[in-house]
file model.cif (mmCIF, N, CA and C atoms)
data_data
#
loop_
_atom_site.group_PDB
_atom_site.id
_atom_site.type_symbol
_atom_site.label_atom_id
_atom_site.label_comp_id
_atom_site.auth_asym_id
_atom_site.auth_seq_id
_atom_site.Cartn_x
_atom_site.Cartn_y
_atom_site.Cartn_z
ATOM 1 N N MET A 1 -83.136 108.654 -42.416
ATOM 2 C CA MET A 1 -81.705 108.517 -42.130
ATOM 3 C C MET A 1 -81.456 107.368 -41.146
ATOM 4 N N GLU A 2 -82.268 107.331 -40.103
ATOM 5 C CA GLU A 2 -82.109 106.296 -39.074
ATOM 6 C C GLU A 2 -82.366 104.895 -39.634
ATOM 7 N N GLU A 3 -83.394 104.790 -40.483
ATOM 8 C CA GLU A 3 -83.733 103.485 -41.049
ATOM 9 C C GLU A 3 -82.640 102.961 -41.970
ATOM 10 N N SER A 4 -82.068 103.836 -42.782
ATOM 11 C CA SER A 4 -81.017 103.383 -43.692
ATOM 12 C C SER A 4 -79.786 102.949 -42.894
ATOM 13 N N ARG A 5 -79.512 103.638 -41.788
ATOM 14 C CA ARG A 5 -78.376 103.239 -40.952
ATOM 15 C C ARG A 5 -78.620 101.863 -40.342
ATOM 16 N N ASN A 6 -79.845 101.628 -39.904
ATOM 17 C CA ASN A 6 -80.186 100.328 -39.330
ATOM 18 C C ASN A 6 -80.037 99.211 -40.350
ATOM 19 N N SER A 7 -80.487 99.464 -41.573
ATOM 20 C CA SER A 7 -80.385 98.413 -42.586
ATOM 21 C C SER A 7 -78.924 98.145 -42.935
ATOM 22 N N ILE A 8 -78.101 99.197 -42.946
ATOM 23 C CA ILE A 8 -76.663 99.007 -43.195
ATOM 24 C C ILE A 8 -76.052 98.170 -42.074
ATOM 25 N N LEU A 9 -76.440 98.472 -40.835
ATOM 26 C CA LEU A 9 -75.940 97.696 -39.700
ATOM 27 C C LEU A 9 -76.382 96.240 -39.794
ATOM 28 N N GLU A 10 -77.640 96.032 -40.173
ATOM 29 C CA GLU A 10 -78.149 94.667 -40.308
ATOM 30 C C GLU A 10 -77.371 93.895 -41.362
ATOM 31 N N VAL A 11 -77.127 94.535 -42.496
ATOM 32 C CA VAL A 11 -76.402 93.866 -43.578
ATOM 33 C C VAL A 11 -74.989 93.520 -43.129
ATOM 34 N N SER A 12 -74.303 94.473 -42.481
ATOM 35 C CA SER A 12 -72.935 94.196 -42.050
ATOM 36 C C SER A 12 -72.932 93.125 -40.964
ATOM 37 N N PHE A 13 -73.952 93.132 -40.108
ATOM 38 C CA PHE A 13 -74.054 92.104 -39.075
ATOM 39 C C PHE A 13 -74.240 90.728 -39.709
ATOM 40 N N GLU A 14 -75.144 90.654 -40.704
ATOM 41 C CA GLU A 14 -75.364 89.381 -41.393
ATOM 42 C C GLU A 14 -74.093 88.906 -42.085
ATOM 43 N N LYS A 15 -73.373 89.838 -42.694
ATOM 44 C CA LYS A 15 -72.129 89.465 -43.369
ATOM 45 C C LYS A 15 -71.121 88.912 -42.373
ATOM 46 N N SER A 16 -70.965 89.594 -41.229
ATOM 47 C CA SER A 16 -69.977 89.136 -40.250
ATOM 48 C C SER A 16 -70.390 87.803 -39.649
ATOM 49 N N VAL A 17 -71.690 87.611 -39.439
ATOM 50 C CA VAL A 17 -72.157 86.335 -38.895
ATOM 51 C C VAL A 17 -71.895 85.209 -39.887
ATOM 52 N N SER A 18 -72.220 85.438 -41.153
ATOM 53 C CA SER A 18 -71.999 84.381 -42.140
ATOM 54 C C SER A 18 -70.504 84.110 -42.313
ATOM 55 N N LYS A 19 -69.680 85.160 -42.197
ATOM 56 C CA LYS A 19 -68.234 84.977 -42.276
ATOM 57 C C LYS A 19 -67.753 84.109 -41.113
ATOM 58 N N LEU A 20 -68.291 84.402 -39.919
ATOM 59 C CA LEU A 20 -67.925 83.646 -38.725
ATOM 60 C C LEU A 20 -68.343 82.184 -38.857
ATOM 61 N N ILE A 21 -69.554 81.977 -39.361
ATOM 62 C CA ILE A 21 -70.054 80.609 -39.541
ATOM 63 C C ILE A 21 -69.181 79.862 -40.537
ATOM 64 N N ARG A 22 -68.838 80.530 -41.644
ATOM 65 C CA ARG A 22 -67.958 79.893 -42.632
ATOM 66 C C ARG A 22 -66.613 79.543 -42.022
ATOM 67 N N LYS A 23 -66.082 80.446 -41.194
ATOM 68 C CA LYS A 23 -64.787 80.211 -40.573
ATOM 69 C C LYS A 23 -64.857 79.002 -39.646
ATOM 70 N N ILE A 24 -65.894 78.956 -38.805
ATOM 71 C CA ILE A 24 -66.057 77.840 -37.873
ATOM 72 C C ILE A 24 -66.259 76.541 -38.642
ATOM 73 N N TYR A 25 -67.134 76.583 -39.633
ATOM 74 C CA TYR A 25 -67.446 75.384 -40.411
ATOM 75 C C TYR A 25 -66.217 74.907 -41.178
ATOM 76 N N GLY A 26 -65.469 75.858 -41.740
ATOM 77 C CA GLY A 26 -64.259 75.503 -42.469
ATOM 78 C C GLY A 26 -63.232 74.844 -41.573
ATOM 79 N N SER A 27 -63.025 75.400 -40.382
ATOM 80 C CA SER A 27 -62.060 74.803 -39.465
ATOM 81 C C SER A 27 -62.559 73.450 -38.991
ATOM 82 N N PHE A 28 -63.886 73.325 -38.839
ATOM 83 C CA PHE A 28 -64.446 72.032 -38.443
ATOM 84 C C PHE A 28 -64.177 70.994 -39.525
ATOM 85 N N LEU A 29 -64.401 71.373 -40.784
ATOM 86 C CA LEU A 29 -64.155 70.445 -41.886
ATOM 87 C C LEU A 29 -62.679 70.079 -41.951
ATOM 88 N N TYR A 30 -61.807 71.074 -41.753
ATOM 89 C CA TYR A 30 -60.369 70.823 -41.800
ATOM 90 C C TYR A 30 -59.972 69.845 -40.701
ATOM 91 N N ASN A 31 -60.445 70.116 -39.472
ATOM 92 C CA ASN A 31 -60.128 69.232 -38.356
ATOM 93 C C ASN A 31 -60.725 67.852 -38.571
ATOM 94 N N ASN A 32 -61.900 67.821 -39.173
ATOM 95 C CA ASN A 32 -62.564 66.548 -39.423
ATOM 96 C C ASN A 32 -61.728 65.694 -40.368
ATOM 97 N N ARG A 33 -61.245 66.307 -41.445
ATOM 98 C CA ARG A 33 -60.381 65.574 -42.381
ATOM 99 C C ARG A 33 -59.115 65.118 -41.681
ATOM 100 N N LEU A 34 -58.591 65.987 -40.830
ATOM 101 C CA LEU A 34 -57.345 65.701 -40.134
ATOM 102 C C LEU A 34 -57.513 64.515 -39.194
ATOM 103 N N HIS A 35 -58.642 64.472 -38.495
ATOM 104 C CA HIS A 35 -58.832 63.465 -37.453
ATOM 105 C C HIS A 35 -59.649 62.267 -37.909
ATOM 106 N N GLU A 36 -60.038 62.248 -39.172
ATOM 107 C CA GLU A 36 -60.889 61.158 -39.652
ATOM 108 C C GLU A 36 -60.179 59.820 -39.527
ATOM 109 N N GLU A 37 -58.910 59.769 -39.926
ATOM 110 C CA GLU A 37 -58.160 58.523 -39.842
ATOM 111 C C GLU A 37 -57.986 58.109 -38.395
ATOM 112 N N THR A 38 -57.657 59.073 -37.534
ATOM 113 C CA THR A 38 -57.500 58.784 -36.113
ATOM 114 C C THR A 38 -58.792 58.233 -35.549
ATOM 115 N N PHE A 39 -59.907 58.863 -35.927
ATOM 116 C CA PHE A 39 -61.209 58.428 -35.439
ATOM 117 C C PHE A 39 -61.509 57.011 -35.905
ATOM 118 N N ASN A 40 -61.241 56.733 -37.180
ATOM 119 C CA ASN A 40 -61.482 55.386 -37.701
ATOM 120 C C ASN A 40 -60.620 54.361 -36.981
ATOM 121 N N ASP A 41 -59.361 54.727 -36.695
ATOM 122 C CA ASP A 41 -58.484 53.828 -35.948
ATOM 123 C C ASP A 41 -59.059 53.544 -34.570
ATOM 124 N N ARG A 42 -59.562 54.587 -33.909
ATOM 125 C CA ARG A 42 -60.137 54.415 -32.576
ATOM 126 C C ARG A 42 -61.346 53.505 -32.618
ATOM 127 N N VAL A 43 -62.204 53.707 -33.619
ATOM 128 C CA VAL A 43 -63.403 52.869 -33.740
ATOM 129 C C VAL A 43 -63.000 51.418 -33.950
ATOM 130 N N THR A 44 -62.036 51.199 -34.827
ATOM 131 C CA THR A 44 -61.586 49.838 -35.111
ATOM 132 C C THR A 44 -61.018 49.187 -33.860
ATOM 133 N N SER A 45 -60.169 49.903 -33.131
ATOM 134 C CA SER A 45 -59.574 49.321 -31.927
ATOM 135 C C SER A 45 -60.639 49.074 -30.864
ATOM 136 N N ALA A 46 -61.627 49.962 -30.770
ATOM 137 C CA ALA A 46 -62.713 49.761 -29.805
ATOM 138 C C ALA A 46 -63.514 48.514 -30.158
ATOM 139 N N LYS A 47 -63.782 48.320 -31.447
ATOM 140 C CA LYS A 47 -64.511 47.122 -31.871
ATOM 141 C C LYS A 47 -63.713 45.866 -31.539
ATOM 142 N N GLN A 48 -62.398 45.910 -31.775
ATOM 143 C CA GLN A 48 -61.558 44.754 -31.487
ATOM 144 C C GLN A 48 -61.553 44.449 -29.993
ATOM 145 N N LYS A 49 -61.444 45.489 -29.165
ATOM 146 C CA LYS A 49 -61.458 45.291 -27.712
ATOM 147 C C LYS A 49 -62.779 44.684 -27.275
ATOM 148 N N TYR A 50 -63.871 45.210 -27.826
ATOM 149 C CA TYR A 50 -65.207 44.715 -27.481
ATOM 150 C C TYR A 50 -65.336 43.238 -27.858
ATOM 151 N N ARG A 51 -64.865 42.892 -29.050
ATOM 152 C CA ARG A 51 -64.931 41.516 -29.531
ATOM 153 C C ARG A 51 -64.109 40.604 -28.623
ATOM 154 N N THR A 52 -62.887 41.024 -28.303
ATOM 155 C CA THR A 52 -62.014 40.241 -27.439
ATOM 156 C C THR A 52 -62.661 40.034 -26.081
ATOM 157 N N PHE A 53 -63.265 41.088 -25.548
ATOM 158 C CA PHE A 53 -63.921 41.028 -24.249
ATOM 159 C C PHE A 53 -65.029 39.985 -24.261
ATOM 160 N N HIS A 54 -65.822 39.959 -25.322
ATOM 161 C CA HIS A 54 -66.928 39.009 -25.400
ATOM 162 C C HIS A 54 -66.428 37.593 -25.642
ATOM 163 N N GLU A 55 -65.336 37.457 -26.376
ATOM 164 C CA GLU A 55 -64.769 36.126 -26.588
ATOM 165 C C GLU A 55 -64.254 35.563 -25.275
ATOM 166 N N LEU A 56 -63.676 36.416 -24.441
ATOM 167 C CA LEU A 56 -63.171 35.971 -23.148
ATOM 168 C C LEU A 56 -64.317 35.623 -22.208
ATOM 169 N N ARG A 57 -65.405 36.361 -22.287
ATOM 170 C CA ARG A 57 -66.532 36.144 -21.376
ATOM 171 C C ARG A 57 -67.326 34.897 -21.718
ATOM 172 N N SER A 58 -67.584 34.676 -22.993
ATOM 173 C CA SER A 58 -68.464 33.563 -23.362
ATOM 174 C C SER A 58 -67.660 32.262 -23.425
ATOM 175 N N PRO A 59 -68.171 31.208 -22.839
ATOM 176 C CA PRO A 59 -67.436 29.936 -22.829
ATOM 177 C C PRO A 59 -67.315 29.298 -24.215
ATOM 178 N N MET A 60 -68.220 29.653 -25.130
ATOM 179 C CA MET A 60 -68.194 29.065 -26.471
ATOM 180 C C MET A 60 -67.186 29.779 -27.383
ATOM 181 N N GLY A 61 -66.668 30.906 -26.937
ATOM 182 C CA GLY A 61 -65.682 31.626 -27.727
ATOM 183 C C GLY A 61 -66.294 32.435 -28.840
ATOM 184 N N GLY A 62 -67.513 32.904 -28.642
ATOM 185 C CA GLY A 62 -68.071 33.714 -29.700
ATOM 186 C C GLY A 62 -69.321 34.369 -29.237
#
call {"tool": "encode", "arguments": {"input": "model.cif", "output": "structure tokens"}}
result
Amino acid sequence: MEESRNSILEVSFEKSVSKLIRKIYGSFLYNNRLHEETFNDRVTSAKQKYRTFHELRSPMGG
């Protein structure tokens, strides 16, 4: 009796854990899609700032 109860608990625990992981992963994917454009914009602007900074620093302009 005790062993069958333990296995039932283990199964329900595994189910809830996998449900939780799916929920976290799903929200991560959703947020990732949402912020992908923003992230790309940030990367592009950072690259432009970096380039401008180096153009200003180097006397040859490049």
call {"tool": "residues_near_point", "arguments": {"input": "model.cif", "point": "(-67.9, 89.0, -40.7)", "cutoff": "7 Å", "atoms": "only N, CA and C atoms", "output": "list of chain:residue names"}}
result
A:Ser12, A:Phe13, A:Glu14, A:Lys15, A:Ser16, A:Val17, A:Ser18, A:Lys19, A:Leu20
call {"tool": "atom_distance", "arguments": {"input": "model.cif", "atom1": "atom N of A:Val43", "atom2": "atom C of A:Asn31"}}
result
15.1 Å
call {"tool": "atom_distance", "arguments": {"input": "model.cif", "atom1": "atom CA of A:Glu36", "atom2": "atom N of A:Arg51"}}
result
21.5 Å
